[in-house]
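Student: Got model-v8.txt for you, compact mmCIF, N, CA and C atoms:
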# COMPACT_ATOMS: atom_id res chain seq x y z
N MET A 76 -25.64 -64.23 -23.62
CA MET A 76 -25.80 -62.96 -22.95
C MET A 76 -24.93 -62.90 -21.71
N ASN A 77 -24.80 -63.97 -21.05
CA ASN A 77 -23.97 -64.03 -19.87
C ASN A 77 -22.51 -63.73 -20.23
N HIS A 78 -22.07 -64.28 -21.36
CA HIS A 78 -20.70 -64.05 -21.83
C HIS A 78 -20.47 -62.58 -22.15
N CYS A 79 -21.43 -61.95 -22.78
CA CYS A 79 -21.33 -60.53 -23.16
C CYS A 79 -21.36 -59.65 -21.91
N HIS A 80 -22.16 -60.02 -20.95
CA HIS A 80 -22.26 -59.26 -19.71
C HIS A 80 -20.93 -59.28 -18.96
N ARG A 81 -20.27 -60.44 -18.97
CA ARG A 81 -18.96 -60.54 -18.32
C ARG A 81 -17.93 -59.66 -19.01
N ARG A 82 -18.02 -59.59 -20.32
CA ARG A 82 -17.06 -58.79 -21.07
C ARG A 82 -17.23 -57.30 -20.73
N ILE A 83 -18.46 -56.80 -20.58
CA ILE A 83 -18.72 -55.40 -20.22
C ILE A 83 -18.21 -55.12 -18.81
N GLN A 84 -18.43 -56.04 -17.91
CA GLN A 84 -17.96 -55.86 -16.55
C GLN A 84 -16.43 -55.84 -16.50
N ALA A 85 -15.80 -56.59 -17.36
CA ALA A 85 -14.35 -56.62 -17.38
C ALA A 85 -13.78 -55.32 -17.94
N VAL A 86 -14.47 -54.73 -18.91
CA VAL A 86 -13.98 -53.50 -19.54
C VAL A 86 -14.33 -52.28 -18.70
N ALA A 87 -15.48 -52.25 -18.11
CA ALA A 87 -15.97 -51.08 -17.40
C ALA A 87 -15.05 -50.62 -16.27
N PRO A 88 -14.51 -51.49 -15.39
CA PRO A 88 -13.63 -50.97 -14.34
C PRO A 88 -12.37 -50.31 -14.88
N SER A 89 -11.80 -50.82 -15.95
CA SER A 89 -10.60 -50.19 -16.48
C SER A 89 -10.93 -48.83 -17.10
N LEU A 90 -12.12 -48.71 -17.72
CA LEU A 90 -12.54 -47.44 -18.29
C LEU A 90 -12.78 -46.41 -17.19
N ILE A 91 -13.41 -46.83 -16.12
CA ILE A 91 -13.65 -45.93 -14.99
C ILE A 91 -12.34 -45.51 -14.35
N GLU A 92 -11.43 -46.44 -14.18
CA GLU A 92 -10.11 -46.09 -13.60
C GLU A 92 -9.37 -45.11 -14.49
N HIS A 93 -9.51 -45.27 -15.80
CA HIS A 93 -8.87 -44.36 -16.75
C HIS A 93 -9.44 -42.94 -16.59
N TRP A 94 -10.76 -42.80 -16.48
CA TRP A 94 -11.38 -41.50 -16.31
C TRP A 94 -11.01 -40.88 -14.96
N VAL A 95 -10.92 -41.68 -13.94
CA VAL A 95 -10.51 -41.18 -12.63
C VAL A 95 -9.08 -40.64 -12.71
N TYR A 96 -8.21 -41.35 -13.40
CA TYR A 96 -6.83 -40.91 -13.57
C TYR A 96 -6.79 -39.58 -14.31
N ILE A 97 -7.59 -39.45 -15.38
CA ILE A 97 -7.63 -38.21 -16.15
C ILE A 97 -8.14 -37.06 -15.29
N MET A 98 -9.19 -37.30 -14.53
CA MET A 98 -9.75 -36.25 -13.68
C MET A 98 -8.76 -35.83 -12.59
N LYS A 99 -8.04 -36.78 -12.03
CA LYS A 99 -7.03 -36.44 -11.03
C LYS A 99 -5.92 -35.61 -11.66
N ALA A 100 -5.51 -35.96 -12.87
CA ALA A 100 -4.45 -35.22 -13.55
C ALA A 100 -4.91 -33.79 -13.84
N ILE A 101 -6.15 -33.65 -14.32
CA ILE A 101 -6.67 -32.30 -14.61
C ILE A 101 -6.77 -31.48 -13.33
N LEU A 102 -7.25 -32.11 -12.26
CA LEU A 102 -7.36 -31.41 -10.99
C LEU A 102 -5.99 -30.98 -10.46
N THR A 103 -5.00 -31.82 -10.60
CA THR A 103 -3.65 -31.48 -10.15
C THR A 103 -3.08 -30.32 -10.97
N VAL A 104 -3.28 -30.35 -12.29
CA VAL A 104 -2.79 -29.27 -13.14
C VAL A 104 -3.50 -27.97 -12.80
N LEU A 105 -4.80 -28.01 -12.62
CA LEU A 105 -5.54 -26.79 -12.27
C LEU A 105 -5.10 -26.24 -10.91
N ALA A 106 -4.86 -27.11 -9.95
CA ALA A 106 -4.39 -26.65 -8.65
C ALA A 106 -3.01 -26.00 -8.77
N GLY A 107 -2.15 -26.56 -9.58
CA GLY A 107 -0.82 -25.97 -9.79
C GLY A 107 -0.89 -24.62 -10.47
N VAL A 108 -1.73 -24.51 -11.50
CA VAL A 108 -1.88 -23.24 -12.21
C VAL A 108 -2.46 -22.18 -11.27
N LEU A 109 -3.45 -22.57 -10.49
CA LEU A 109 -4.04 -21.63 -9.54
C LEU A 109 -3.01 -21.18 -8.50
N GLY A 110 -2.23 -22.11 -8.00
CA GLY A 110 -1.19 -21.75 -7.02
C GLY A 110 -0.16 -20.80 -7.60
N LEU A 111 0.30 -21.05 -8.82
CA LEU A 111 1.27 -20.17 -9.45
C LEU A 111 0.69 -18.80 -9.75
N SER A 112 -0.57 -18.77 -10.18
CA SER A 112 -1.17 -17.47 -10.48
C SER A 112 -1.39 -16.64 -9.22
N VAL A 113 -1.62 -17.29 -8.10
CA VAL A 113 -1.77 -16.56 -6.83
C VAL A 113 -0.42 -16.07 -6.33
N MET A 114 0.63 -16.84 -6.57
CA MET A 114 1.96 -16.45 -6.10
C MET A 114 2.63 -15.44 -7.01
N LEU A 115 2.18 -15.27 -8.22
CA LEU A 115 2.84 -14.38 -9.18
C LEU A 115 2.98 -12.95 -8.68
N PRO A 116 1.95 -12.32 -8.09
CA PRO A 116 2.15 -10.95 -7.60
C PRO A 116 3.22 -10.85 -6.51
N ALA A 117 3.48 -11.92 -5.80
CA ALA A 117 4.50 -11.86 -4.76
C ALA A 117 5.89 -11.70 -5.36
N PHE A 118 6.07 -12.15 -6.58
CA PHE A 118 7.37 -12.06 -7.24
C PHE A 118 7.50 -10.81 -8.10
N ALA A 119 6.44 -10.00 -8.18
CA ALA A 119 6.47 -8.80 -9.00
C ALA A 119 7.39 -7.77 -8.35
N GLY A 120 8.07 -7.02 -9.18
CA GLY A 120 9.00 -6.01 -8.68
C GLY A 120 8.29 -4.70 -8.40
N PRO A 121 9.04 -3.71 -7.97
CA PRO A 121 8.45 -2.40 -7.67
C PRO A 121 7.99 -1.72 -8.96
N ASP A 122 7.00 -0.86 -8.83
CA ASP A 122 6.47 -0.11 -9.97
C ASP A 122 7.30 1.18 -10.09
N TRP A 123 8.31 1.12 -10.95
CA TRP A 123 9.26 2.23 -11.04
C TRP A 123 8.61 3.49 -11.58
N ALA A 124 7.59 3.37 -12.40
CA ALA A 124 6.93 4.57 -12.93
C ALA A 124 6.27 5.36 -11.80
N VAL A 125 5.63 4.66 -10.88
CA VAL A 125 4.99 5.33 -9.74
C VAL A 125 6.03 5.93 -8.81
N ILE A 126 7.12 5.21 -8.59
CA ILE A 126 8.19 5.71 -7.72
C ILE A 126 8.80 6.98 -8.31
N GLU A 127 9.09 6.96 -9.61
CA GLU A 127 9.68 8.14 -10.25
C GLU A 127 8.70 9.31 -10.26
N ALA A 128 7.41 9.04 -10.44
CA ALA A 128 6.42 10.12 -10.40
C ALA A 128 6.37 10.74 -9.02
N GLY A 129 6.46 9.94 -7.99
CA GLY A 129 6.49 10.46 -6.62
C GLY A 129 7.72 11.31 -6.36
N ARG A 130 8.86 10.85 -6.86
CA ARG A 130 10.10 11.64 -6.69
C ARG A 130 10.00 12.97 -7.41
N LYS A 131 9.42 12.95 -8.62
CA LYS A 131 9.27 14.18 -9.39
C LYS A 131 8.34 15.15 -8.66
N ASN A 132 7.24 14.64 -8.13
CA ASN A 132 6.32 15.50 -7.37
C ASN A 132 7.00 16.09 -6.15
N HIS A 133 7.82 15.30 -5.47
CA HIS A 133 8.53 15.80 -4.29
C HIS A 133 9.50 16.90 -4.69
N ARG A 134 10.22 16.71 -5.80
CA ARG A 134 11.17 17.74 -6.25
C ARG A 134 10.44 19.03 -6.61
N THR A 135 9.27 18.91 -7.24
CA THR A 135 8.53 20.14 -7.60
C THR A 135 8.01 20.84 -6.35
N GLN A 136 7.59 20.08 -5.35
CA GLN A 136 7.12 20.71 -4.11
C GLN A 136 8.26 21.42 -3.40
N VAL A 137 9.44 20.80 -3.38
CA VAL A 137 10.60 21.42 -2.75
C VAL A 137 10.97 22.69 -3.49
N ALA A 138 10.93 22.65 -4.82
CA ALA A 138 11.26 23.83 -5.61
C ALA A 138 10.24 24.94 -5.36
N GLN A 139 8.97 24.59 -5.23
CA GLN A 139 7.95 25.60 -4.95
C GLN A 139 8.15 26.21 -3.57
N MET A 140 8.52 25.39 -2.59
CA MET A 140 8.75 25.91 -1.24
C MET A 140 9.96 26.85 -1.21
N GLU A 141 10.97 26.57 -2.04
CA GLU A 141 12.15 27.44 -2.07
C GLU A 141 11.83 28.77 -2.72
N LYS A 142 10.84 28.81 -3.61
CA LYS A 142 10.48 30.05 -4.28
C LYS A 142 9.59 30.95 -3.42
N LEU A 143 9.03 30.42 -2.35
CA LEU A 143 8.13 31.20 -1.51
C LEU A 143 8.89 32.28 -0.76
N THR A 144 8.19 33.36 -0.51
CA THR A 144 8.76 34.42 0.32
C THR A 144 8.71 33.95 1.78
N PRO A 145 9.49 34.56 2.66
CA PRO A 145 9.46 34.14 4.07
C PRO A 145 8.06 34.22 4.69
N ASP A 146 7.28 35.24 4.30
CA ASP A 146 5.92 35.37 4.83
C ASP A 146 5.05 34.20 4.36
N GLN A 147 5.21 33.82 3.11
CA GLN A 147 4.44 32.69 2.58
C GLN A 147 4.88 31.37 3.22
N LYS A 148 6.17 31.27 3.54
CA LYS A 148 6.66 30.05 4.20
C LYS A 148 6.04 29.91 5.58
N CYS A 149 5.91 31.02 6.29
CA CYS A 149 5.27 30.97 7.62
C CYS A 149 3.82 30.53 7.50
N ALA A 150 3.13 31.02 6.49
CA ALA A 150 1.72 30.68 6.31
C ALA A 150 1.55 29.24 5.82
N ALA A 151 2.56 28.70 5.12
CA ALA A 151 2.45 27.36 4.54
C ALA A 151 2.63 26.26 5.59
N GLU A 152 3.29 26.59 6.69
CA GLU A 152 3.50 25.57 7.72
C GLU A 152 2.19 25.26 8.42
N LYS A 153 1.91 23.99 8.56
CA LYS A 153 0.67 23.57 9.20
C LYS A 153 0.99 22.62 10.36
N LEU A 154 0.16 22.67 11.36
CA LEU A 154 0.33 21.80 12.52
C LEU A 154 -0.43 20.50 12.30
N VAL A 155 0.26 19.38 12.43
CA VAL A 155 -0.35 18.06 12.33
C VAL A 155 -0.06 17.33 13.63
N LEU A 156 -1.12 17.00 14.35
CA LEU A 156 -0.97 16.35 15.65
C LEU A 156 -1.28 14.86 15.55
N PRO A 157 -0.54 14.04 16.29
CA PRO A 157 -0.85 12.61 16.29
C PRO A 157 -2.13 12.34 17.08
N LEU A 158 -2.72 11.19 16.84
CA LEU A 158 -3.97 10.80 17.48
C LEU A 158 -3.77 10.70 18.99
N ASP A 159 -4.65 11.37 19.75
CA ASP A 159 -4.47 11.38 21.21
C ASP A 159 -5.66 10.77 21.96
N HIS A 160 -6.47 9.99 21.28
CA HIS A 160 -7.60 9.35 21.95
C HIS A 160 -7.90 8.02 21.26
N GLY A 161 -8.60 7.15 21.95
CA GLY A 161 -8.98 5.87 21.37
C GLY A 161 -7.99 4.77 21.70
N PRO A 162 -8.30 3.57 21.25
CA PRO A 162 -7.45 2.41 21.60
C PRO A 162 -6.09 2.42 20.90
N ARG A 163 -5.96 3.18 19.82
CA ARG A 163 -4.68 3.21 19.10
C ARG A 163 -4.02 4.59 19.20
N ALA A 164 -4.20 5.24 20.30
CA ALA A 164 -3.65 6.58 20.50
C ALA A 164 -2.12 6.52 20.51
N VAL A 165 -1.53 7.44 19.79
CA VAL A 165 -0.07 7.51 19.70
C VAL A 165 0.47 8.54 20.68
N SER A 166 -0.36 9.46 21.07
CA SER A 166 0.06 10.55 21.93
C SER A 166 -0.98 10.75 23.03
N THR A 167 -0.78 11.83 23.81
CA THR A 167 -1.75 12.17 24.85
C THR A 167 -2.23 13.60 24.60
N PRO A 168 -3.37 13.98 25.17
CA PRO A 168 -3.83 15.36 25.00
C PRO A 168 -2.83 16.38 25.55
N TYR A 169 -2.14 16.02 26.64
CA TYR A 169 -1.15 16.94 27.22
C TYR A 169 -0.01 17.19 26.24
N LEU A 170 0.53 16.11 25.65
CA LEU A 170 1.62 16.28 24.70
C LEU A 170 1.18 17.06 23.46
N ASN A 171 -0.06 16.82 23.01
CA ASN A 171 -0.55 17.57 21.87
C ASN A 171 -0.72 19.05 22.20
N ALA A 172 -1.13 19.36 23.43
CA ALA A 172 -1.23 20.77 23.84
C ALA A 172 0.15 21.41 23.85
N LYS A 173 1.15 20.68 24.32
CA LYS A 173 2.53 21.19 24.32
C LYS A 173 3.01 21.43 22.89
N ARG A 174 2.72 20.49 22.00
CA ARG A 174 3.11 20.65 20.60
C ARG A 174 2.44 21.87 19.98
N LYS A 175 1.17 22.08 20.31
CA LYS A 175 0.44 23.23 19.78
C LYS A 175 1.05 24.54 20.30
N GLU A 176 1.40 24.57 21.58
CA GLU A 176 2.04 25.77 22.14
C GLU A 176 3.38 26.03 21.46
N GLN A 177 4.16 24.98 21.25
CA GLN A 177 5.47 25.13 20.60
C GLN A 177 5.29 25.62 19.15
N PHE A 178 4.30 25.06 18.46
CA PHE A 178 4.05 25.49 17.08
C PHE A 178 3.63 26.96 17.04
N ASP A 179 2.76 27.36 17.96
CA ASP A 179 2.33 28.75 18.00
C ASP A 179 3.50 29.68 18.27
N ALA A 180 4.40 29.27 19.18
CA ALA A 180 5.58 30.09 19.47
C ALA A 180 6.49 30.19 18.24
N GLU A 181 6.71 29.07 17.55
CA GLU A 181 7.53 29.10 16.34
C GLU A 181 6.88 29.95 15.25
N HIS A 182 5.57 29.86 15.14
CA HIS A 182 4.84 30.64 14.13
C HIS A 182 4.96 32.14 14.42
N LYS A 183 4.84 32.52 15.70
CA LYS A 183 4.99 33.93 16.08
C LYS A 183 6.41 34.41 15.80
N ALA A 184 7.40 33.55 16.11
CA ALA A 184 8.79 33.92 15.85
C ALA A 184 9.03 34.08 14.35
N CYS A 185 8.44 33.25 13.57
CA CYS A 185 8.57 33.34 12.11
C CYS A 185 7.97 34.65 11.61
N LYS A 186 6.78 34.97 12.11
CA LYS A 186 6.12 36.23 11.72
C LYS A 186 6.96 37.43 12.15
N ALA A 187 7.54 37.36 13.37
CA ALA A 187 8.38 38.47 13.85
C ALA A 187 9.63 38.62 12.98
N ALA A 188 10.23 37.50 12.57
CA ALA A 188 11.41 37.56 11.71
C ALA A 188 11.07 38.16 10.36
N VAL A 189 9.92 37.82 9.84
CA VAL A 189 9.48 38.38 8.54
C VAL A 189 9.24 39.87 8.68
N ALA A 190 8.64 40.27 9.80
CA ALA A 190 8.39 41.69 10.03
C ALA A 190 9.70 42.47 10.13
N GLU A 191 10.69 41.90 10.78
CA GLU A 191 12.00 42.56 10.92
C GLU A 191 12.68 42.68 9.56
N GLN A 192 12.56 41.62 8.74
CA GLN A 192 13.19 41.68 7.42
C GLN A 192 12.52 42.71 6.53
N SER A 193 11.22 42.83 6.63
CA SER A 193 10.50 43.78 5.79
C SER A 193 10.78 45.23 6.21
N GLU A 194 11.10 45.45 7.50
CA GLU A 194 11.41 46.78 7.98
C GLU A 194 12.79 47.23 7.49
N GLN A 195 13.67 46.30 7.30
CA GLN A 195 15.04 46.66 6.88
C GLN A 195 15.08 46.91 5.45
Spell out the structure here as structure tokens.
Tutor:
Amino acid sequence: MNHCHRRIQAVAPSLIEHWVYIMKAILTVLAGVLGLSVMLPAFAGPDWAVIEAGRKNHRTQVAQMEKLTPDQKCAAEKLVLPLDHGPRAVSTPYLNAKRKEQFDAEHKACKAAVAEQSEQ
């Protein structure tokens, strides 16, 4: 029995080392596959279908704006002001008030030009 026990002890460390080697190899392969799968979107190119759809939408909007009458063009213009409060403010309330005054003046001038054209 002593002889048999020695034989098992002699075989067991090599078997354990073999399994450790296999587990390390599997872990290394899995880590590599995971790393490549995470990096794959970084190498992806632009989505040309979405880009072309955006360009087509822009062209249709431009074509629609060209078809509008001058009165409709005046009504279609909208005032968009930058953020003027909070920690990420891009503008100030004073500058936004100035922009609003300028927009109102341009809007009145547009309406006056349309009125003059309709009178002629």
Student: Quick one: distance from atom C of Ala190 of chain A to atom N of Gln147 of chain A in Å, one decimal?
Tutor: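 For atom C of Ala190 of chain A relative to atom N of Gln147 of chain A, the distance reads 12.0 Å.
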Student: Hey, could you make a per-residue contact list for segment 77-165 of chain A against segment 182-185 of chain A with 12 Å as the cut-off, showing the nearest pair of atoms and its distance in Å to one decimal, counting only C-alpha atoms, sorted by chain and number, as a Markdown table?
Tutor:
| residue | atom | partner | partner_atom | distance |
| --- | --- | --- | --- | --- |
| A:Thr144 | CA | A:Cys185 | CA | 11.8 |
| A:Pro145 | CA | A:Cys185 | CA | 8.1 |
| A:Asp146 | CA | A:Cys185 | CA | 8.0 |
| A:Gln147 | CA | A:Cys185 | CA | 10.4 |
| A:Lys148 | CA | A:Cys185 | CA | 8.8 |
| A:Cys149 | CA | A:Cys185 | CA | 6.1 |
| A:Ala150 | CA | A:His182 | CA | 8.4 |
| A:Ala151 | CA | A:His182 | CA | 10.4 |
| A:Glu152 | CA | A:His182 | CA | 8.3 |
| A:Lys153 | CA | A:His182 | CA | 9.6 |
| A:Leu154 | CA | A:His182 | CA | 10.1 |
Student: When you look at Leu158 of chain A with a cut-off of 12 Å (counting only C-alpha atoms), what residues show up, excluding the ones that are within fewer than 3 positions of it in the same chain? I need them as a ChimeraX atom specification.
Tutor: /A:155,161-171
Student: Rounded to one decimal place, report the atom N of Glu176 of chain A-atom N of Pro157 of chain A distance in Å.
Tutor: 11.9 Å
Student: Give, as lines of an AutoDock Vina configuration file, the centre coordinates and the x, y and z edge lengths in Å to one decimal for an axis-aligned box around all listed atoms of segment 136-148 of chain A, padded by 8 Å on each side.
Tutor:
center_x = 8.3
center_y = 27.7
center_z = 0.0
size_x = 23.7
size_y = 31.3
size_z = 27.2
Student: Can you work out the spacing between atom CA of Gly107 of chain A and atom CA of Gly120 of chain A in Å, to one decimal?
Tutor: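 Between these atoms lies a distance of 22.3 Å.
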Student: When DSSP works through the backbone of this structure, what residues of segment 84-184 of chain A end up as alpha helix (DSSP H), shown as number ranges by chain?
Tutor: A: 84-114, 123-142, 145-151, 168-184
